[in-house]
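Enquirer: I'd like to ask you about the structure that follows.
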Amino acid sequence: MNTMPPRFPITPEQIELVMTHFYANVRKDPVLGPIFNGHVKNWPEHEAKIARFWRNAILFERSYDGNPMMAHMRAGDVRADHFDVWLALFDKVLNENLPKETAAAWSALVHRIGRGLRMGVQDVQKPADEVPTLG
């Protein structure tokens, strides 16, 4: 049983609603759609898995055991600039489906996580000869 309070007030049902709307938009998006459709074979299963991720991140449930960084790095066709589209679409869905304060709080978390994922993807995409120099 979780004893930590949520990061911000939201229900599991609201998280699922956002996931449903977000991924409906993703599937239609000209940039993200082809990428996601190439990797996701079972949309209801994917949406449920990502809803567990967000319930873990926001409500501190312990129902998610994946590794989003590895998934994005291994995909092979996820580029750093895709995160701008992903974030804009996520913000749109948050603002359309949640109270203003809840949308803003979740958006801040999404942008923080998105920055980390973008950095991970950028590091994987650097040429091998592009080794940073220290000094």
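Following the order of the structure tokens, first chain is A, next is B, and so on, with residues numbered from 1 inside each chain and ligands from 1 in the order they appear.
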Would you list the contacts of A:Arg55 as a JSON list (two decimals) with all heavy atoms, in the first residue's frame, taking every protein, DNA or RNA residue within 9 Å and counting only C-alpha atoms, but skipping same-chain residues closer than 6 positions in sequence?

Expert:
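Listing of selection-v5.json after writing:
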[["chain", "number", "residue", "atom", "x", "y", "z"],
["A", 11, "THR", "N", -6.76, 11.57, -10.48],
["A", 11, "THR", "CA", -7.25, 10.22, -10.26],
["A", 11, "THR", "C", -6.67, 9.27, -11.31],
["A", 11, "THR", "O", -6.27, 9.71, -12.40],
["A", 11, "THR", "CB", -8.79, 10.17, -10.36],
["A", 11, "THR", "OG1", -9.17, 10.45, -11.72],
["A", 11, "THR", "CG2", -9.45, 11.16, -9.40],
["A", 12, "PRO", "N", -6.65, 7.98, -11.00],
["A", 12, "PRO", "CA", -6.22, 7.01, -12.01],
["A", 12, "PRO", "C", -7.09, 7.10, -13.28],
["A", 12, "PRO", "O", -6.59, 6.93, -14.39],
["A", 12, "PRO", "CB", -6.39, 5.66, -11.31],
["A", 12, "PRO", "CG", -6.26, 5.97, -9.85],
["A", 12, "PRO", "CD", -6.87, 7.34, -9.70],
["A", 15, "ILE", "N", -5.85, 9.84, -15.48],
["A", 15, "ILE", "CA", -4.62, 9.42, -16.15],
["A", 15, "ILE", "C", -4.98, 8.55, -17.35],
["A", 15, "ILE", "O", -4.46, 8.75, -18.46],
["A", 15, "ILE", "CB", -3.68, 8.69, -15.17],
["A", 15, "ILE", "CG1", -3.15, 9.68, -14.14],
["A", 15, "ILE", "CG2", -2.54, 8.01, -15.93],
["A", 15, "ILE", "CD1", -2.36, 9.06, -13.00],
["A", 61, "GLU", "N", 2.32, 4.71, -7.28],
["A", 61, "GLU", "CA", 1.95, 3.30, -7.29],
["A", 61, "GLU", "C", 3.20, 2.51, -7.69],
["A", 61, "GLU", "O", 4.13, 3.05, -8.27],
["A", 61, "GLU", "CB", 0.85, 3.03, -8.32],
["A", 61, "GLU", "CG", -0.50, 3.57, -7.93],
["A", 61, "GLU", "CD", -1.57, 3.19, -8.95],
["A", 61, "GLU", "OE1", -1.29, 2.45, -9.91],
["A", 61, "GLU", "OE2", -2.70, 3.67, -8.78],
["A", 62, "ARG", "N", 3.19, 1.26, -7.42],
["A", 62, "ARG", "CA", 4.32, 0.41, -7.81],
["A", 62, "ARG", "C", 3.84, -0.63, -8.82],
["A", 62, "ARG", "O", 4.05, -1.81, -8.68],
["A", 62, "ARG", "CB", 4.93, -0.27, -6.58],
["A", 62, "ARG", "CG", 5.55, 0.70, -5.61],
["A", 62, "ARG", "CD", 6.78, 1.36, -6.22],
["A", 62, "ARG", "NE", 7.27, 2.44, -5.39],
["A", 62, "ARG", "CZ", 7.44, 3.68, -5.80],
["A", 62, "ARG", "NH1", 7.13, 4.01, -7.03],
["A", 62, "ARG", "NH2", 7.90, 4.59, -4.99],
["A", 63, "SER", "N", 3.20, -0.15, -9.89],
["A", 63, "SER", "CA", 2.61, -1.06, -10.86],
["A", 63, "SER", "C", 3.34, -1.06, -12.20],
["A", 63, "SER", "O", 2.96, -1.79, -13.10],
["A", 63, "SER", "CB", 1.14, -0.69, -11.09],
["A", 63, "SER", "OG", 1.04, 0.66, -11.51],
["A", 64, "TYR", "N", 4.39, -0.27, -12.33],
["A", 64, "TYR", "CA", 5.13, -0.17, -13.60],
["A", 64, "TYR", "C", 6.55, -0.67, -13.37],
["A", 64, "TYR", "O", 7.21, -0.29, -12.41],
["A", 64, "TYR", "CB", 5.17, 1.28, -14.08],
["A", 64, "TYR", "CG", 5.98, 1.47, -15.33],
["A", 64, "TYR", "CD1", 5.47, 1.14, -16.57],
["A", 64, "TYR", "CD2", 7.28, 1.97, -15.26],
["A", 64, "TYR", "CE1", 6.23, 1.31, -17.72],
["A", 64, "TYR", "CE2", 8.05, 2.15, -16.41],
["A", 64, "TYR", "CZ", 7.51, 1.81, -17.63],
["A", 64, "TYR", "OH", 8.26, 1.97, -18.77]]

Enquirer: Run DSSP on the backbone and give me the residues of stretch 19-72 of chain A it puts in alpha helix (DSSP H), as a PyMOL selection string.

Expert: chain A and resi 19-28+32-39+43-59+68-72

Enquirer: Write the residues you've just listed into a file as a compact mmCIF listing (two decimals), in the first residue's frame, and include N, CA, C and O atoms for each of them.

Expert:
# COMPACT_ATOMS: atom_id res chain seq x y z
N MET A 19 -4.30 9.22 -21.38
CA MET A 19 -3.59 8.25 -22.23
C MET A 19 -4.42 7.89 -23.46
O MET A 19 -3.90 7.83 -24.57
N THR A 20 -5.70 7.67 -23.27
CA THR A 20 -6.58 7.32 -24.40
C THR A 20 -6.58 8.43 -25.44
O THR A 20 -6.41 8.17 -26.64
N HIS A 21 -6.75 9.66 -25.00
CA HIS A 21 -6.79 10.79 -25.93
C HIS A 21 -5.41 11.06 -26.54
O HIS A 21 -5.30 11.37 -27.73
N PHE A 22 -4.37 10.96 -25.72
CA PHE A 22 -3.01 11.21 -26.22
C PHE A 22 -2.66 10.23 -27.33
O PHE A 22 -2.22 10.63 -28.41
N TYR A 23 -2.86 8.95 -27.09
CA TYR A 23 -2.46 7.97 -28.09
C TYR A 23 -3.38 7.96 -29.30
O TYR A 23 -2.95 7.61 -30.41
N ALA A 24 -4.63 8.37 -29.16
CA ALA A 24 -5.50 8.55 -30.33
C ALA A 24 -4.91 9.64 -31.21
O ALA A 24 -4.89 9.52 -32.45
N ASN A 25 -4.40 10.71 -30.60
CA ASN A 25 -3.75 11.79 -31.34
C ASN A 25 -2.41 11.36 -31.93
O ASN A 25 -2.07 11.72 -33.05
N VAL A 26 -1.65 10.59 -31.17
CA VAL A 26 -0.35 10.11 -31.65
C VAL A 26 -0.52 9.29 -32.92
O VAL A 26 0.22 9.46 -33.89
N ARG A 27 -1.50 8.39 -32.92
CA ARG A 27 -1.71 7.52 -34.08
C ARG A 27 -1.99 8.32 -35.35
O ARG A 27 -1.64 7.88 -36.44
N LYS A 28 -2.60 9.50 -35.22
CA LYS A 28 -2.94 10.33 -36.37
C LYS A 28 -1.85 11.34 -36.71
O LYS A 28 -1.90 11.96 -37.78
N LEU A 32 4.74 11.51 -35.39
CA LEU A 32 4.79 10.46 -34.37
C LEU A 32 4.06 9.18 -34.78
O LEU A 32 4.47 8.08 -34.40
N GLY A 33 2.99 9.32 -35.54
CA GLY A 33 2.18 8.16 -35.92
C GLY A 33 2.98 7.03 -36.54
O GLY A 33 2.92 5.89 -36.07
N PRO A 34 3.76 7.31 -37.59
CA PRO A 34 4.52 6.22 -38.21
C PRO A 34 5.53 5.56 -37.27
O PRO A 34 5.75 4.34 -37.34
N ILE A 35 6.12 6.34 -36.38
CA ILE A 35 7.10 5.78 -35.44
C ILE A 35 6.40 4.85 -34.45
O ILE A 35 6.78 3.69 -34.29
N PHE A 36 5.37 5.38 -33.79
CA PHE A 36 4.66 4.57 -32.81
C PHE A 36 4.00 3.36 -33.46
O PHE A 36 4.05 2.25 -32.92
N ASN A 37 3.36 3.56 -34.61
CA ASN A 37 2.69 2.45 -35.28
C ASN A 37 3.67 1.37 -35.69
O ASN A 37 3.30 0.20 -35.80
N GLY A 38 4.93 1.74 -35.92
CA GLY A 38 5.95 0.76 -36.26
C GLY A 38 6.41 -0.07 -35.07
O GLY A 38 6.96 -1.16 -35.25
N HIS A 39 6.19 0.42 -33.87
CA HIS A 39 6.65 -0.27 -32.66
C HIS A 39 5.53 -0.87 -31.83
O HIS A 39 5.71 -1.91 -31.21
N TRP A 43 -2.26 -1.62 -29.09
CA TRP A 43 -2.47 -0.28 -28.52
C TRP A 43 -3.08 -0.31 -27.12
O TRP A 43 -2.61 0.41 -26.24
N PRO A 44 -4.14 -1.10 -26.88
CA PRO A 44 -4.69 -1.11 -25.50
C PRO A 44 -3.65 -1.53 -24.47
O PRO A 44 -3.58 -0.95 -23.38
N GLU A 45 -2.82 -2.50 -24.81
CA GLU A 45 -1.77 -2.95 -23.89
C GLU A 45 -0.74 -1.83 -23.66
O GLU A 45 -0.30 -1.59 -22.54
N HIS A 46 -0.35 -1.14 -24.73
CA HIS A 46 0.62 -0.05 -24.62
C HIS A 46 0.05 1.08 -23.76
O HIS A 46 0.74 1.59 -22.87
N GLU A 47 -1.18 1.47 -24.03
CA GLU A 47 -1.81 2.55 -23.26
C GLU A 47 -1.89 2.19 -21.79
O GLU A 47 -1.64 3.02 -20.92
N ALA A 48 -2.24 0.93 -21.49
CA ALA A 48 -2.32 0.49 -20.09
C ALA A 48 -0.94 0.53 -19.43
O ALA A 48 -0.81 0.95 -18.28
N LYS A 49 0.09 0.11 -20.17
CA LYS A 49 1.45 0.12 -19.63
C LYS A 49 1.90 1.55 -19.32
O LYS A 49 2.47 1.82 -18.25
N ILE A 50 1.65 2.47 -20.25
CA ILE A 50 2.08 3.85 -20.04
C ILE A 50 1.22 4.52 -18.95
O ILE A 50 1.73 5.36 -18.20
N ALA A 51 -0.03 4.15 -18.85
CA ALA A 51 -0.85 4.66 -17.74
C ALA A 51 -0.26 4.20 -16.41
O ALA A 51 -0.23 4.97 -15.44
N ARG A 52 0.24 2.94 -16.36
CA ARG A 52 0.91 2.47 -15.13
C ARG A 52 2.16 3.30 -14.85
O ARG A 52 2.45 3.63 -13.69
N PHE A 53 2.90 3.64 -15.91
CA PHE A 53 4.09 4.50 -15.73
C PHE A 53 3.68 5.81 -15.06
O PHE A 53 4.31 6.24 -14.09
N TRP A 54 2.64 6.46 -15.59
CA TRP A 54 2.24 7.76 -15.04
C TRP A 54 1.63 7.62 -13.65
O TRP A 54 1.84 8.48 -12.80
N ARG A 55 0.90 6.54 -13.38
CA ARG A 55 0.39 6.34 -12.01
C ARG A 55 1.54 6.16 -11.04
O ARG A 55 1.50 6.63 -9.91
N ASN A 56 2.60 5.50 -11.49
CA ASN A 56 3.80 5.35 -10.66
C ASN A 56 4.47 6.71 -10.44
O ASN A 56 4.84 7.06 -9.32
N ALA A 57 4.63 7.48 -11.51
CA ALA A 57 5.33 8.77 -11.44
C ALA A 57 4.55 9.82 -10.65
O ALA A 57 5.15 10.67 -10.00
N ILE A 58 3.22 9.76 -10.71
CA ILE A 58 2.40 10.80 -10.09
C ILE A 58 1.80 10.34 -8.76
O ILE A 58 1.83 11.05 -7.77
N LEU A 59 1.25 9.13 -8.76
CA LEU A 59 0.54 8.63 -7.57
C LEU A 59 1.44 7.73 -6.72
O LEU A 59 1.01 7.27 -5.67
N PRO A 68 11.67 3.30 -19.65
CA PRO A 68 11.38 4.15 -20.80
C PRO A 68 12.64 4.64 -21.51
O PRO A 68 12.66 4.77 -22.74
N MET A 69 13.71 4.92 -20.77
CA MET A 69 14.93 5.39 -21.41
C MET A 69 15.46 4.33 -22.38
O MET A 69 15.77 4.63 -23.52
N MET A 70 15.55 3.09 -21.92
CA MET A 70 16.03 2.01 -22.78
C MET A 70 15.12 1.83 -23.98
O MET A 70 15.59 1.63 -25.10
N ALA A 71 13.82 1.86 -23.77
CA ALA A 71 12.87 1.66 -24.86
C ALA A 71 13.06 2.70 -25.95
O ALA A 71 13.09 2.38 -27.14
N HIS A 72 13.23 3.96 -25.56
CA HIS A 72 13.41 5.02 -26.56
C HIS A 72 14.78 4.95 -27.23
O HIS A 72 14.91 5.23 -28.41

Enquirer: Smallest atom-to-atom distance to A:Arg118: which of A:His82, A:Arg74, A:Lys41, A:Arg7, using only C-alpha atoms?

Expert: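 Of A:His82, A:Arg74, A:Lys41, A:Arg7, the one nearest A:Arg118, counting only C-alpha atoms, is A:His82.
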
Enquirer: Please list as a ChimeraX atom specification every residue within 9 Å of stretch 98-115 of chain A, counting only C-alpha atoms and excluding residues in the same chain fewer than 6 positions away.

Expert: /A:7-10,14,18,57-58,83-84,86-87,90-91

Enquirer: Kindly give the distance, in Å, that separates atom CA of A:Gln122 and atom CA of A:Met73, rounded to a single decimal.

Expert: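 So the answer is 8.8 Å.
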